[in-house]
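Please read the structure below before turning to the comments.
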Amino acid sequence: MDMENKGKGIRALLFDLGDTIMIEETEEKDAVSGITKRADVFDGMVELLQYWVAQGVPIGLVADSYVGTCHNVLSQHGVLELFVSLAISEAVGVCKPDPLIFQKALTDLNIADDERGRVVMIGNNLSRDILGANQLGLVSVWIHWNERYPTVAATDMETPCFEVRNSHELQTLLHRLNNEWSAVN
């Protein structure tokens, strides 16, 4: 992001991988290592990632996964190079909602503490993605593609700031937030 635009709009976007970008049901895993060799992604997600990077918004991955899985799937769809940060549990040594995995991404993206309220974390798991984001003061977006995980927050801290059900709704929300935050700067 160039210095002229720093401080306006969305400061950064963080994404979970499984059932957020990648469709978990389509994973083809190595039988020995458990690492995903390939998987499909949800309609519109590649274009959404490309769009926001083209707008100068840095993106990061915060995923409970294997490093190999993230590299394989993101490379397969030509988006690995779009990610400034890959905060992956295997490499970081903790899983979400531990603040350390989120902090790794924020540090990689040079996010100051006072900018966290303009960082959006998108994930599919209330007790991991949403709780972790809310604990750090990030804007949490629950992408509710399916019913694989609990769909009711167990605590107030698991309640997302926003809920979307597909990439079109997510893109509309991100545009709205970006416009609102740009207008106040």
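Every chain in the structure tokens has a letter given in the order shown (A, B, ...), and although residue numbers restart at 1 in each chain, ligands are simply numbered from 1 in the order shown.
Shell of Thr107 in chain A at 12 Å, with only C-alpha atoms counted and residues fewer than 3 places along the chain excluded, is Ala12, Gly60, Val84, Ser85, Leu86, Ala87, Pro99, Leu100, Ile101, Phe102, Gln103, Lys104, Asn110, Ile111, Ala112, Asp113, Glu115 and Arg116 of chain A.
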Could you save the residues just selected, with N, CA, C and O atoms, as an mmCIF file, in the first residue's frame?
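Final output, saved to part_1.cif:
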data_model
loop_
_atom_site.group_PDB
_atom_site.id
_atom_site.type_symbol
_atom_site.label_atom_id
_atom_site.label_comp_id
_atom_site.auth_asym_id
_atom_site.auth_seq_id
_atom_site.Cartn_x
_atom_site.Cartn_y
_atom_site.Cartn_z
ATOM 1 N N ALA A 12 -6.148 -3.947 6.054
ATOM 2 C CA ALA A 12 -5.695 -5.278 5.626
ATOM 3 C C ALA A 12 -6.858 -6.256 5.736
ATOM 4 O O ALA A 12 -7.812 -6.016 6.473
ATOM 5 N N GLY A 60 -3.544 -11.441 4.231
ATOM 6 C CA GLY A 60 -2.825 -12.467 4.959
ATOM 7 C C GLY A 60 -3.706 -13.672 5.182
ATOM 8 O O GLY A 60 -4.936 -13.586 5.126
ATOM 9 N N VAL A 84 0.723 -11.516 1.634
ATOM 10 C CA VAL A 84 1.888 -10.912 2.269
ATOM 11 C C VAL A 84 2.283 -11.716 3.500
ATOM 12 O O VAL A 84 3.456 -11.806 3.845
ATOM 13 N N SER A 85 1.314 -12.322 4.160
ATOM 14 C CA SER A 85 1.558 -13.093 5.370
ATOM 15 C C SER A 85 0.873 -14.447 5.286
ATOM 16 O O SER A 85 -0.265 -14.545 4.835
ATOM 17 N N LEU A 86 1.608 -15.467 5.737
ATOM 18 C CA LEU A 86 1.040 -16.799 5.883
ATOM 19 C C LEU A 86 1.260 -17.224 7.330
ATOM 20 O O LEU A 86 2.314 -17.751 7.691
ATOM 21 N N ALA A 87 0.286 -16.936 8.174
ATOM 22 C CA ALA A 87 0.331 -17.328 9.583
ATOM 23 C C ALA A 87 -0.371 -18.677 9.691
ATOM 24 O O ALA A 87 -1.597 -18.751 9.797
ATOM 25 N N PRO A 99 -4.007 -15.681 20.330
ATOM 26 C CA PRO A 99 -3.637 -14.388 19.751
ATOM 27 C C PRO A 99 -2.312 -14.400 18.991
ATOM 28 O O PRO A 99 -2.109 -13.587 18.085
ATOM 29 N N LEU A 100 -1.409 -15.314 19.318
ATOM 30 C CA LEU A 100 -0.097 -15.333 18.665
ATOM 31 C C LEU A 100 -0.175 -15.554 17.166
ATOM 32 O O LEU A 100 0.594 -14.966 16.405
ATOM 33 N N ILE A 101 -1.109 -16.390 16.708
ATOM 34 C CA ILE A 101 -1.202 -16.658 15.277
ATOM 35 C C ILE A 101 -1.738 -15.428 14.530
ATOM 36 O O ILE A 101 -1.277 -15.093 13.447
ATOM 37 N N PHE A 102 -2.669 -14.729 15.153
ATOM 38 C CA PHE A 102 -3.179 -13.496 14.554
ATOM 39 C C PHE A 102 -2.105 -12.411 14.591
ATOM 40 O O PHE A 102 -1.931 -11.653 13.633
ATOM 41 N N GLN A 103 -1.381 -12.328 15.702
ATOM 42 C CA GLN A 103 -0.338 -11.315 15.845
ATOM 43 C C GLN A 103 0.765 -11.510 14.815
ATOM 44 O O GLN A 103 1.329 -10.540 14.322
ATOM 45 N N LYS A 104 1.063 -12.767 14.469
ATOM 46 C CA LYS A 104 2.062 -13.035 13.419
ATOM 47 C C LYS A 104 1.648 -12.360 12.128
ATOM 48 O O LYS A 104 2.452 -11.678 11.480
ATOM 49 N N ASN A 110 2.601 -5.220 9.069
ATOM 50 C CA ASN A 110 2.944 -3.916 9.656
ATOM 51 C C ASN A 110 1.717 -3.158 10.153
ATOM 52 O O ASN A 110 1.575 -1.953 9.929
ATOM 53 N N ILE A 111 0.837 -3.869 10.841
ATOM 54 C CA ILE A 111 -0.379 -3.261 11.373
ATOM 55 C C ILE A 111 -0.098 -2.755 12.787
ATOM 56 O O ILE A 111 0.248 -3.537 13.668
ATOM 57 N N ALA A 112 -0.259 -1.467 12.984
ATOM 58 C CA ALA A 112 -0.108 -0.885 14.318
ATOM 59 C C ALA A 112 -1.349 -1.212 15.139
ATOM 60 O O ALA A 112 -2.434 -1.455 14.594
ATOM 61 N N ASP A 113 -1.196 -1.207 16.464
ATOM 62 C CA ASP A 113 -2.323 -1.530 17.348
ATOM 63 C C ASP A 113 -3.527 -0.642 17.075
ATOM 64 O O ASP A 113 -4.667 -1.111 17.100
ATOM 65 N N GLU A 115 -4.548 0.478 14.357
ATOM 66 C CA GLU A 115 -5.137 0.206 13.042
ATOM 67 C C GLU A 115 -5.970 -1.076 13.021
ATOM 68 O O GLU A 115 -6.596 -1.390 12.013
ATOM 69 N N ARG A 116 -5.981 -1.810 14.128
ATOM 70 C CA ARG A 116 -6.671 -3.105 14.155
ATOM 71 C C ARG A 116 -8.152 -3.005 13.836
ATOM 72 O O ARG A 116 -8.737 -3.942 13.300
#
query = Contacts of Met121 in chain A at 9 Å or less, counting only C-alpha atoms, minus same-chain residues fewer than 2 places along, as a list in words?
reply = Ala12, Leu13, Leu14, Phe15, Asp16, Val62, Val119, Gly123, Asp129, Ile130, Ala133, Leu138, Val139, Ser140, Val141 and Trp142 of chain A
Could you save those same residues with C-alpha atoms as a compact mmCIF listing (two decimals), in the first residue's frame?
# COMPACT_ATOMS: atom_id res chain seq x y z
CA ALA A 12 -5.70 -5.28 5.63
CA LEU A 13 -7.71 -8.44 5.05
CA LEU A 14 -7.06 -11.72 6.83
CA PHE A 15 -8.54 -15.00 5.62
CA ASP A 16 -8.90 -18.50 7.00
CA VAL A 62 -4.45 -17.13 9.32
CA VAL A 119 -8.39 -5.03 9.69
CA GLY A 123 -13.43 -17.08 8.62
CA ASP A 129 -11.73 -17.32 13.60
CA ILE A 130 -14.34 -15.02 15.10
CA ALA A 133 -10.40 -11.76 15.73
CA LEU A 138 -10.31 -6.89 14.50
CA VAL A 139 -13.49 -6.69 12.45
CA SER A 140 -14.80 -10.26 12.32
CA VAL A 141 -16.73 -11.59 9.34
CA TRP A 142 -18.26 -15.03 9.56
request  = Would you kindly return, as a count of residues only, each protein, DNA or RNA residue with an atom no farther than 9 Å from any atom of Val79 in chain A, considering only C-alpha atoms and excluding same-chain residues fewer than 5 positions away?
outcome  = 5
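Among the candidates A:Tyr66, A:Phe162, A:Phe83, A:Phe42, the one nearest to Val120 in chain A when counting only C-alpha atoms is A:Phe162.
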Please extract the residues of range 17-184 of chain A with a backbone DSSP assignment of alpha helix (DSSP H) and present them as a short mmCIF file (atom, residue, chain, number, x, y, z; two decimals) with all heavy atoms, in the first residue's frame.
data_model
loop_
_atom_site.label_atom_id
_atom_site.label_comp_id
_atom_site.auth_asym_id
_atom_site.auth_seq_id
_atom_site.Cartn_x
_atom_site.Cartn_y
_atom_site.Cartn_z
N MET A 45 -13.95 -16.35 -5.04
CA MET A 45 -12.92 -16.02 -4.05
C MET A 45 -11.60 -15.61 -4.68
O MET A 45 -10.95 -14.68 -4.20
CB MET A 45 -12.71 -17.17 -3.07
CG MET A 45 -13.86 -17.34 -2.09
SD MET A 45 -14.25 -15.85 -1.12
CE MET A 45 -12.84 -15.77 -0.04
N VAL A 46 -11.18 -16.26 -5.76
CA VAL A 46 -9.93 -15.87 -6.42
C VAL A 46 -10.04 -14.43 -6.91
O VAL A 46 -9.13 -13.62 -6.69
CB VAL A 46 -9.58 -16.85 -7.57
CG1 VAL A 46 -8.48 -16.28 -8.46
CG2 VAL A 46 -9.19 -18.20 -7.01
N GLU A 47 -11.14 -14.11 -7.54
CA GLU A 47 -11.34 -12.76 -8.06
C GLU A 47 -11.40 -11.73 -6.94
O GLU A 47 -10.88 -10.62 -7.07
CB GLU A 47 -12.62 -12.70 -8.91
CG GLU A 47 -12.57 -13.55 -10.17
CD GLU A 47 -12.85 -15.04 -9.94
OE1 GLU A 47 -13.21 -15.45 -8.81
OE2 GLU A 47 -12.71 -15.81 -10.91
N LEU A 48 -12.03 -12.10 -5.82
CA LEU A 48 -12.11 -11.20 -4.67
C LEU A 48 -10.70 -10.91 -4.14
O LEU A 48 -10.35 -9.74 -3.89
CB LEU A 48 -12.98 -11.82 -3.59
CG LEU A 48 -13.24 -10.98 -2.35
CD1 LEU A 48 -14.67 -11.18 -1.87
CD2 LEU A 48 -12.27 -11.29 -1.23
N LEU A 49 -9.88 -11.93 -3.98
CA LEU A 49 -8.51 -11.73 -3.50
C LEU A 49 -7.73 -10.84 -4.47
O LEU A 49 -7.05 -9.89 -4.05
CB LEU A 49 -7.80 -13.08 -3.36
CG LEU A 49 -8.36 -14.04 -2.31
CD1 LEU A 49 -7.73 -15.42 -2.47
CD2 LEU A 49 -8.15 -13.51 -0.91
N GLN A 50 -7.83 -11.14 -5.75
CA GLN A 50 -7.12 -10.35 -6.76
C GLN A 50 -7.57 -8.89 -6.76
O GLN A 50 -6.75 -7.98 -6.88
CB GLN A 50 -7.32 -10.96 -8.15
CG GLN A 50 -6.66 -12.30 -8.31
CD GLN A 50 -7.09 -13.03 -9.58
OE1 GLN A 50 -8.17 -12.82 -10.12
NE2 GLN A 50 -6.22 -13.92 -10.05
N TYR A 51 -8.86 -8.68 -6.60
CA TYR A 51 -9.40 -7.32 -6.61
C TYR A 51 -8.80 -6.49 -5.47
O TYR A 51 -8.35 -5.36 -5.69
CB TYR A 51 -10.94 -7.35 -6.48
CG TYR A 51 -11.52 -5.98 -6.33
CD1 TYR A 51 -11.77 -5.20 -7.44
CD2 TYR A 51 -11.77 -5.44 -5.06
CE1 TYR A 51 -12.27 -3.90 -7.31
CE2 TYR A 51 -12.27 -4.16 -4.92
CZ TYR A 51 -12.52 -3.39 -6.04
OH TYR A 51 -13.00 -2.11 -5.91
N TRP A 52 -8.83 -7.02 -4.24
CA TRP A 52 -8.39 -6.22 -3.10
C TRP A 52 -6.89 -5.98 -3.12
O TRP A 52 -6.43 -4.89 -2.76
CB TRP A 52 -8.88 -6.82 -1.78
CG TRP A 52 -10.35 -6.57 -1.66
CD1 TRP A 52 -11.36 -7.45 -1.87
CD2 TRP A 52 -10.97 -5.30 -1.40
NE1 TRP A 52 -12.58 -6.81 -1.74
CE2 TRP A 52 -12.37 -5.50 -1.45
CE3 TRP A 52 -10.49 -4.03 -1.13
CZ2 TRP A 52 -13.28 -4.47 -1.24
CZ3 TRP A 52 -11.39 -2.99 -0.91
CH2 TRP A 52 -12.77 -3.22 -0.97
N VAL A 53 -6.12 -6.94 -3.60
CA VAL A 53 -4.68 -6.71 -3.75
C VAL A 53 -4.44 -5.62 -4.79
O VAL A 53 -3.60 -4.73 -4.59
CB VAL A 53 -3.94 -8.02 -4.10
CG1 VAL A 53 -2.50 -7.75 -4.52
CG2 VAL A 53 -3.97 -8.97 -2.92
N ALA A 54 -5.19 -5.64 -5.89
CA ALA A 54 -5.07 -4.60 -6.91
C ALA A 54 -5.44 -3.22 -6.37
O ALA A 54 -4.95 -2.20 -6.86
CB ALA A 54 -5.93 -4.94 -8.12
N VAL A 67 1.62 -26.17 6.41
CA VAL A 67 2.23 -25.23 5.47
C VAL A 67 2.07 -25.76 4.05
O VAL A 67 1.70 -25.02 3.14
CB VAL A 67 3.72 -24.99 5.82
CG1 VAL A 67 4.41 -24.18 4.74
CG2 VAL A 67 3.85 -24.31 7.18
N GLY A 68 2.32 -27.07 3.86
CA GLY A 68 2.21 -27.67 2.53
C GLY A 68 0.81 -27.55 1.94
O GLY A 68 0.65 -27.29 0.74
N THR A 69 -0.21 -27.72 2.77
CA THR A 69 -1.59 -27.59 2.30
C THR A 69 -1.84 -26.19 1.76
O THR A 69 -2.36 -26.01 0.66
CB THR A 69 -2.59 -27.91 3.43
OG1 THR A 69 -2.50 -29.30 3.73
CG2 THR A 69 -4.02 -27.55 3.05
N CYS A 70 -1.45 -25.19 2.54
CA CYS A 70 -1.67 -23.80 2.12
C CYS A 70 -0.94 -23.50 0.83
O CYS A 70 -1.51 -22.93 -0.11
CB CYS A 70 -1.25 -22.84 3.23
SG CYS A 70 -2.22 -23.05 4.73
N HIS A 71 0.32 -23.88 0.75
CA HIS A 71 1.11 -23.64 -0.47
C HIS A 71 0.50 -24.36 -1.67
O HIS A 71 0.37 -23.76 -2.74
CB HIS A 71 2.56 -24.05 -0.25
CG HIS A 71 3.36 -23.05 0.51
ND1 HIS A 71 4.18 -22.13 -0.10
CD2 HIS A 71 3.44 -22.81 1.84
CE1 HIS A 71 4.74 -21.36 0.82
NE2 HIS A 71 4.30 -21.75 2.01
N ASN A 72 0.13 -25.63 -1.48
CA ASN A 72 -0.42 -26.40 -2.60
C ASN A 72 -1.71 -25.79 -3.13
O ASN A 72 -1.87 -25.60 -4.34
CB ASN A 72 -0.68 -27.85 -2.17
CG ASN A 72 0.59 -28.62 -1.94
OD1 ASN A 72 1.68 -28.22 -2.34
ND2 ASN A 72 0.46 -29.75 -1.26
N VAL A 73 -2.65 -25.50 -2.25
CA VAL A 73 -3.97 -25.02 -2.69
C VAL A 73 -3.88 -23.61 -3.25
O VAL A 73 -4.43 -23.32 -4.32
CB VAL A 73 -5.00 -25.11 -1.54
CG1 VAL A 73 -6.32 -24.47 -1.95
CG2 VAL A 73 -5.22 -26.57 -1.14
N LEU A 74 -3.18 -22.72 -2.56
CA LEU A 74 -3.09 -21.34 -3.04
C LEU A 74 -2.31 -21.27 -4.36
O LEU A 74 -2.67 -20.51 -5.26
CB LEU A 74 -2.47 -20.44 -1.98
CG LEU A 74 -3.29 -20.31 -0.68
CD1 LEU A 74 -2.52 -19.49 0.35
CD2 LEU A 74 -4.66 -19.72 -0.94
N SER A 75 -1.25 -22.09 -4.50
CA SER A 75 -0.50 -22.13 -5.76
C SER A 75 -1.35 -22.70 -6.89
O SER A 75 -1.30 -22.20 -8.02
CB SER A 75 0.76 -22.98 -5.60
OG SER A 75 1.67 -22.39 -4.71
N GLN A 76 -2.11 -23.73 -6.58
CA GLN A 76 -2.97 -24.37 -7.59
C GLN A 76 -3.90 -23.34 -8.24
O GLN A 76 -4.17 -23.41 -9.43
CB GLN A 76 -3.80 -25.47 -6.92
CG GLN A 76 -4.87 -26.08 -7.81
CD GLN A 76 -5.88 -26.90 -7.02
OE1 GLN A 76 -5.69 -27.23 -5.85
NE2 GLN A 76 -6.98 -27.23 -7.66
N SER A 89 -0.71 -22.47 11.45
CA SER A 89 -0.51 -23.07 12.78
C SER A 89 0.70 -23.98 12.83
O SER A 89 1.45 -23.98 13.82
CB SER A 89 -1.78 -23.80 13.23
OG SER A 89 -2.10 -24.84 12.32
N GLU A 90 0.93 -24.79 11.81
CA GLU A 90 2.08 -25.69 11.82
C GLU A 90 3.39 -24.92 12.01
O GLU A 90 4.28 -25.35 12.74
CB GLU A 90 2.14 -26.51 10.53
CG GLU A 90 3.34 -27.46 10.50
CD GLU A 90 3.53 -28.14 9.17
OE1 GLU A 90 3.28 -27.55 8.10
OE2 GLU A 90 3.97 -29.31 9.21
N ALA A 91 3.50 -23.76 11.37
CA ALA A 91 4.73 -22.96 11.44
C ALA A 91 4.79 -22.08 12.68
O ALA A 91 5.85 -21.91 13.28
CB ALA A 91 4.86 -22.10 10.19
N VAL A 92 3.64 -21.54 13.08
CA VAL A 92 3.60 -20.62 14.23
C VAL A 92 3.66 -21.38 15.55
O VAL A 92 4.18 -20.88 16.55
CB VAL A 92 2.35 -19.71 14.15
CG1 VAL A 92 2.25 -18.79 15.35
CG2 VAL A 92 2.36 -18.89 12.86
N PRO A 99 -4.01 -15.68 20.33
CA PRO A 99 -3.64 -14.39 19.75
C PRO A 99 -2.31 -14.40 18.99
O PRO A 99 -2.11 -13.59 18.09
CB PRO A 99 -3.55 -13.46 20.96
CG PRO A 99 -4.36 -14.11 22.03
CD PRO A 99 -4.26 -15.59 21.77
N LEU A 100 -1.41 -15.31 19.32
CA LEU A 100 -0.10 -15.33 18.67
C LEU A 100 -0.17 -15.55 17.17
O LEU A 100 0.59 -14.97 16.40
CB LEU A 100 0.80 -16.39 19.30
CG LEU A 100 1.28 -16.11 20.72
CD1 LEU A 100 2.08 -17.29 21.27
CD2 LEU A 100 2.09 -14.83 20.78
N ILE A 101 -1.11 -16.39 16.71
CA ILE A 101 -1.20 -16.66 15.28
C ILE A 101 -1.74 -15.43 14.53
O ILE A 101 -1.28 -15.09 13.45
CB ILE A 101 -2.01 -17.95 14.98
CG1 ILE A 101 -1.78 -18.40 13.53
CG2 ILE A 101 -3.48 -17.78 15.32
CD1 ILE A 101 -2.26 -19.81 13.24
N PHE A 102 -2.67 -14.73 15.15
CA PHE A 102 -3.18 -13.50 14.55
C PHE A 102 -2.11 -12.41 14.59
O PHE A 102 -1.93 -11.65 13.63
CB PHE A 102 -4.43 -13.01 15.29
CG PHE A 102 -5.62 -13.91 15.11
CD1 PHE A 102 -5.86 -14.96 15.97
CD2 PHE A 102 -6.51 -13.71 14.06
CE1 PHE A 102 -6.95 -15.80 15.81
CE2 PHE A 102 -7.61 -14.52 13.88
CZ PHE A 102 -7.83 -15.58 14.75
N GLN A 103 -1.38 -12.33 15.70
CA GLN A 103 -0.34 -11.31 15.85
C GLN A 103 0.76 -11.51 14.81
O GLN A 103 1.33 -10.54 14.32
CB GLN A 103 0.25 -11.33 17.26
CG GLN A 103 1.16 -10.16 17.55
CD GLN A 103 0.49 -8.81 17.33
OE1 GLN A 103 -0.57 -8.54 17.88
NE2 GLN A 103 1.09 -7.97 16.50
N LYS A 104 1.06 -12.77 14.47
CA LYS A 104 2.06 -13.03 13.42
C LYS A 104 1.65 -12.36 12.13
O LYS A 104 2.45 -11.68 11.48
CB LYS A 104 2.21 -14.55 13.21
CG LYS A 104 2.80 -14.98 11.88
CD LYS A 104 4.27 -15.12 11.88
CE LYS A 104 4.83 -15.78 10.64
NZ LYS A 104 5.23 -14.90 9.58
N ALA A 105 0.39 -12.52 11.75
CA ALA A 105 -0.10 -11.90 10.51
C ALA A 105 -0.08 -10.38 10.62
O ALA A 105 0.35 -9.69 9.69
CB ALA A 105 -1.52 -12.38 10.20
N LEU A 106 -0.52 -9.84 11.75
CA LEU A 106 -0.53 -8.38 11.93
C LEU A 106 0.88 -7.80 11.86
O LEU A 106 1.09 -6.75 11.26
CB LEU A 106 -1.21 -8.02 13.25
CG LEU A 106 -2.70 -8.38 13.35
CD1 LEU A 106 -3.20 -8.17 14.78
CD2 LEU A 106 -3.53 -7.60 12.35
N THR A 107 1.83 -8.50 12.45
CA THR A 107 3.23 -8.05 12.41
C THR A 107 3.76 -8.10 10.98
O THR A 107 4.38 -7.14 10.51
CB THR A 107 4.10 -8.92 13.35
OG1 THR A 107 3.61 -8.77 14.68
CG2 THR A 107 5.56 -8.51 13.29
N ASP A 108 3.51 -9.20 10.28
CA ASP A 108 3.96 -9.33 8.89
C ASP A 108 3.39 -8.21 8.02
O ASP A 108 4.04 -7.76 7.07
CB ASP A 108 3.51 -10.67 8.29
CG ASP A 108 4.25 -11.86 8.84
OD1 ASP A 108 5.27 -11.69 9.55
OD2 ASP A 108 3.80 -13.00 8.57
N LEU A 131 -13.77 -15.63 17.38
CA LEU A 131 -13.27 -15.37 18.74
C LEU A 131 -11.87 -14.76 18.69
O LEU A 131 -11.61 -13.76 19.35
CB LEU A 131 -13.26 -16.66 19.56
CG LEU A 131 -12.64 -16.57 20.96
CD1 LEU A 131 -13.38 -15.56 21.83
CD2 LEU A 131 -12.61 -17.95 21.62
N GLY A 132 -10.99 -15.35 17.91
CA GLY A 132 -9.62 -14.83 17.81
C GLY A 132 -9.58 -13.40 17.30
O GLY A 132 -8.83 -12.56 17.83
N ALA A 133 -10.36 -13.12 16.27
CA ALA A 133 -10.40 -11.76 15.73
C ALA A 133 -10.96 -10.77 16.75
O ALA A 133 -10.41 -9.69 16.96
CB ALA A 133 -11.24 -11.74 14.45
N ASN A 134 -12.06 -11.15 17.38
CA ASN A 134 -12.69 -10.25 18.35
C ASN A 134 -11.78 -9.97 19.54
O ASN A 134 -11.77 -8.85 20.07
CB ASN A 134 -14.03 -10.83 18.82
CG ASN A 134 -15.10 -10.76 17.75
OD1 ASN A 134 -14.97 -10.05 16.76
ND2 ASN A 134 -16.15 -11.53 17.93
N GLN A 135 -11.01 -10.96 19.98
CA GLN A 135 -10.10 -10.77 21.11
C GLN A 135 -9.06 -9.68 20.83
O GLN A 135 -8.59 -9.01 21.75
CB GLN A 135 -9.36 -12.07 21.45
CG GLN A 135 -10.21 -13.12 22.10
CD GLN A 135 -9.45 -14.44 22.27
OE1 GLN A 135 -8.51 -14.76 21.56
NE2 GLN A 135 -9.90 -15.21 23.24
N SER A 167 -19.30 -15.22 -1.72
CA SER A 167 -18.28 -14.22 -2.06
C SER A 167 -18.88 -12.90 -2.53
O SER A 167 -18.31 -11.85 -2.31
CB SER A 167 -17.32 -14.78 -3.10
OG SER A 167 -18.01 -15.10 -4.29
N HIS A 168 -20.05 -12.95 -3.15
CA HIS A 168 -20.71 -11.71 -3.57
C HIS A 168 -21.11 -10.87 -2.35
O HIS A 168 -20.87 -9.65 -2.33
CB HIS A 168 -21.93 -12.02 -4.45
CG HIS A 168 -22.71 -10.79 -4.81
ND1 HIS A 168 -22.25 -9.87 -5.74
CD2 HIS A 168 -23.88 -10.31 -4.35
CE1 HIS A 168 -23.12 -8.87 -5.82
NE2 HIS A 168 -24.12 -9.11 -5.00
N GLU A 169 -21.71 -11.50 -1.36
CA GLU A 169 -22.07 -10.78 -0.14
C GLU A 169 -20.82 -10.24 0.56
O GLU A 169 -20.83 -9.14 1.10
CB GLU A 169 -22.86 -11.68 0.82
CG GLU A 169 -24.27 -11.96 0.38
CD GLU A 169 -25.04 -12.84 1.37
OE1 GLU A 169 -24.55 -13.07 2.50
OE2 GLU A 169 -26.13 -13.31 1.00
N LEU A 170 -19.75 -11.04 0.56
CA LEU A 170 -18.50 -10.59 1.18
C LEU A 170 -17.95 -9.38 0.44
O LEU A 170 -17.56 -8.39 1.06
CB LEU A 170 -17.47 -11.73 1.19
CG LEU A 170 -16.10 -11.37 1.75
CD1 LEU A 170 -16.18 -10.86 3.19
CD2 LEU A 170 -15.17 -12.59 1.65
N GLN A 171 -17.93 -9.44 -0.88
CA GLN A 171 -17.40 -8.31 -1.66
C GLN A 171 -18.24 -7.05 -1.41
O GLN A 171 -17.68 -5.96 -1.24
CB GLN A 171 -17.39 -8.68 -3.15
CG GLN A 171 -16.77 -7.64 -4.04
CD GLN A 171 -15.27 -7.56 -3.93
OE1 GLN A 171 -14.74 -7.26 -2.86
NE2 GLN A 171 -14.56 -7.83 -5.01
N THR A 172 -19.55 -7.19 -1.37
CA THR A 172 -20.43 -6.04 -1.09
C THR A 172 -20.13 -5.45 0.28
O THR A 172 -20.02 -4.22 0.43
CB THR A 172 -21.91 -6.48 -1.19
OG1 THR A 172 -22.16 -6.95 -2.53
CG2 THR A 172 -22.85 -5.33 -0.87
N LEU A 173 -19.98 -6.30 1.29
CA LEU A 173 -19.65 -5.84 2.64
C LEU A 173 -18.30 -5.13 2.66
O LEU A 173 -18.17 -4.06 3.26
CB LEU A 173 -19.65 -7.02 3.62
CG LEU A 173 -19.14 -6.69 5.02
CD1 LEU A 173 -20.04 -5.69 5.73
CD2 LEU A 173 -18.98 -7.97 5.83
N LEU A 174 -17.30 -5.71 2.04
CA LEU A 174 -15.96 -5.10 2.05
C LEU A 174 -15.98 -3.74 1.36
O LEU A 174 -15.34 -2.80 1.84
CB LEU A 174 -14.94 -6.04 1.41
CG LEU A 174 -14.68 -7.34 2.17
CD1 LEU A 174 -13.74 -8.23 1.37
CD2 LEU A 174 -14.14 -7.08 3.57
N HIS A 175 -16.69 -3.62 0.27
CA HIS A 175 -16.83 -2.31 -0.40
C HIS A 175 -17.48 -1.30 0.55
O HIS A 175 -17.03 -0.15 0.64
CB HIS A 175 -17.67 -2.43 -1.68
CG HIS A 175 -16.88 -2.86 -2.86
ND1 HIS A 175 -15.95 -2.07 -3.47
CD2 HIS A 175 -16.89 -4.03 -3.55
CE1 HIS A 175 -15.41 -2.71 -4.48
NE2 HIS A 175 -15.96 -3.91 -4.55
N ARG A 176 -18.54 -1.72 1.22
CA ARG A 176 -19.24 -0.81 2.13
C ARG A 176 -18.31 -0.36 3.26
O ARG A 176 -18.23 0.83 3.57
CB ARG A 176 -20.48 -1.49 2.71
CG ARG A 176 -21.37 -0.51 3.49
CD ARG A 176 -22.56 -1.20 4.11
NE ARG A 176 -22.14 -1.57 5.46
CZ ARG A 176 -22.59 -2.61 6.14
NH1 ARG A 176 -23.47 -3.41 5.60
NH2 ARG A 176 -22.16 -2.86 7.34
N LEU A 177 -17.62 -1.30 3.88
CA LEU A 177 -16.70 -0.94 4.97
C LEU A 177 -15.59 -0.02 4.47
O LEU A 177 -15.26 0.97 5.12
CB LEU A 177 -16.09 -2.20 5.59
CG LEU A 177 -17.04 -3.12 6.35
CD1 LEU A 177 -16.32 -4.39 6.77
CD2 LEU A 177 -17.68 -2.41 7.53
N ASN A 178 -15.03 -0.35 3.33
CA ASN A 178 -13.96 0.47 2.77
C ASN A 178 -14.43 1.89 2.51
O ASN A 178 -13.74 2.85 2.83
CB ASN A 178 -13.42 -0.18 1.48
CG ASN A 178 -12.11 0.41 1.05
OD1 ASN A 178 -11.15 0.47 1.82
ND2 ASN A 178 -12.06 0.87 -0.18
N ASN A 179 -15.62 2.02 1.94
CA ASN A 179 -16.17 3.35 1.66
C ASN A 179 -16.46 4.12 2.94
O ASN A 179 -16.16 5.31 3.03
CB ASN A 179 -17.43 3.24 0.80
CG ASN A 179 -17.14 2.79 -0.60
OD1 ASN A 179 -16.02 2.93 -1.10
ND2 ASN A 179 -18.12 2.22 -1.26
N GLU A 180 -17.05 3.44 3.94
CA GLU A 180 -17.35 4.11 5.21
C GLU A 180 -16.08 4.56 5.91
O GLU A 180 -16.00 5.70 6.40
CB GLU A 180 -18.13 3.17 6.13
CG GLU A 180 -19.56 2.93 5.69
CD GLU A 180 -20.27 1.87 6.54
OE1 GLU A 180 -19.71 1.39 7.53
OE2 GLU A 180 -21.42 1.53 6.17
N TRP A 181 -15.07 3.69 5.96
CA TRP A 181 -13.84 4.04 6.65
C TRP A 181 -13.05 5.10 5.89
O TRP A 181 -12.39 5.95 6.50
CB TRP A 181 -12.99 2.80 6.87
CG TRP A 181 -13.61 1.83 7.82
CD1 TRP A 181 -14.57 2.09 8.78
CD2 TRP A 181 -13.34 0.44 7.94
NE1 TRP A 181 -14.90 0.94 9.46
CE2 TRP A 181 -14.16 -0.09 8.98
CE3 TRP A 181 -12.47 -0.43 7.28
CZ2 TRP A 181 -14.14 -1.42 9.35
CZ3 TRP A 181 -12.46 -1.77 7.65
CH2 TRP A 181 -13.28 -2.25 8.67
N SER A 182 -13.13 5.09 4.56
CA SER A 182 -12.44 6.12 3.76
C SER A 182 -13.06 7.48 3.98
O SER A 182 -12.38 8.50 3.97
CB SER A 182 -12.48 5.75 2.27
OG SER A 182 -11.72 4.59 2.03
N ALA A 183 -14.37 7.49 4.17
CA ALA A 183 -15.10 8.77 4.33
C ALA A 183 -14.75 9.48 5.64
O ALA A 183 -14.86 10.69 5.71
CB ALA A 183 -16.60 8.51 4.25
#
ask   = Within 9 Å of Ile23 in chain A, counting only C-alpha atoms, which residues qualify if same-chain residues fewer than 3 places away don't, as an MDAnalysis selection string?
value = chainID A and resid 17:20 26:27 39:42
query = Near Asn166 in chain A, counting only C-alpha atoms, which residues have an atom at most 8 Å away, once you skip same-chain residues fewer than 6 positions from it, shown as a PyMOL selection string?
reply = chain A and resi 143-145
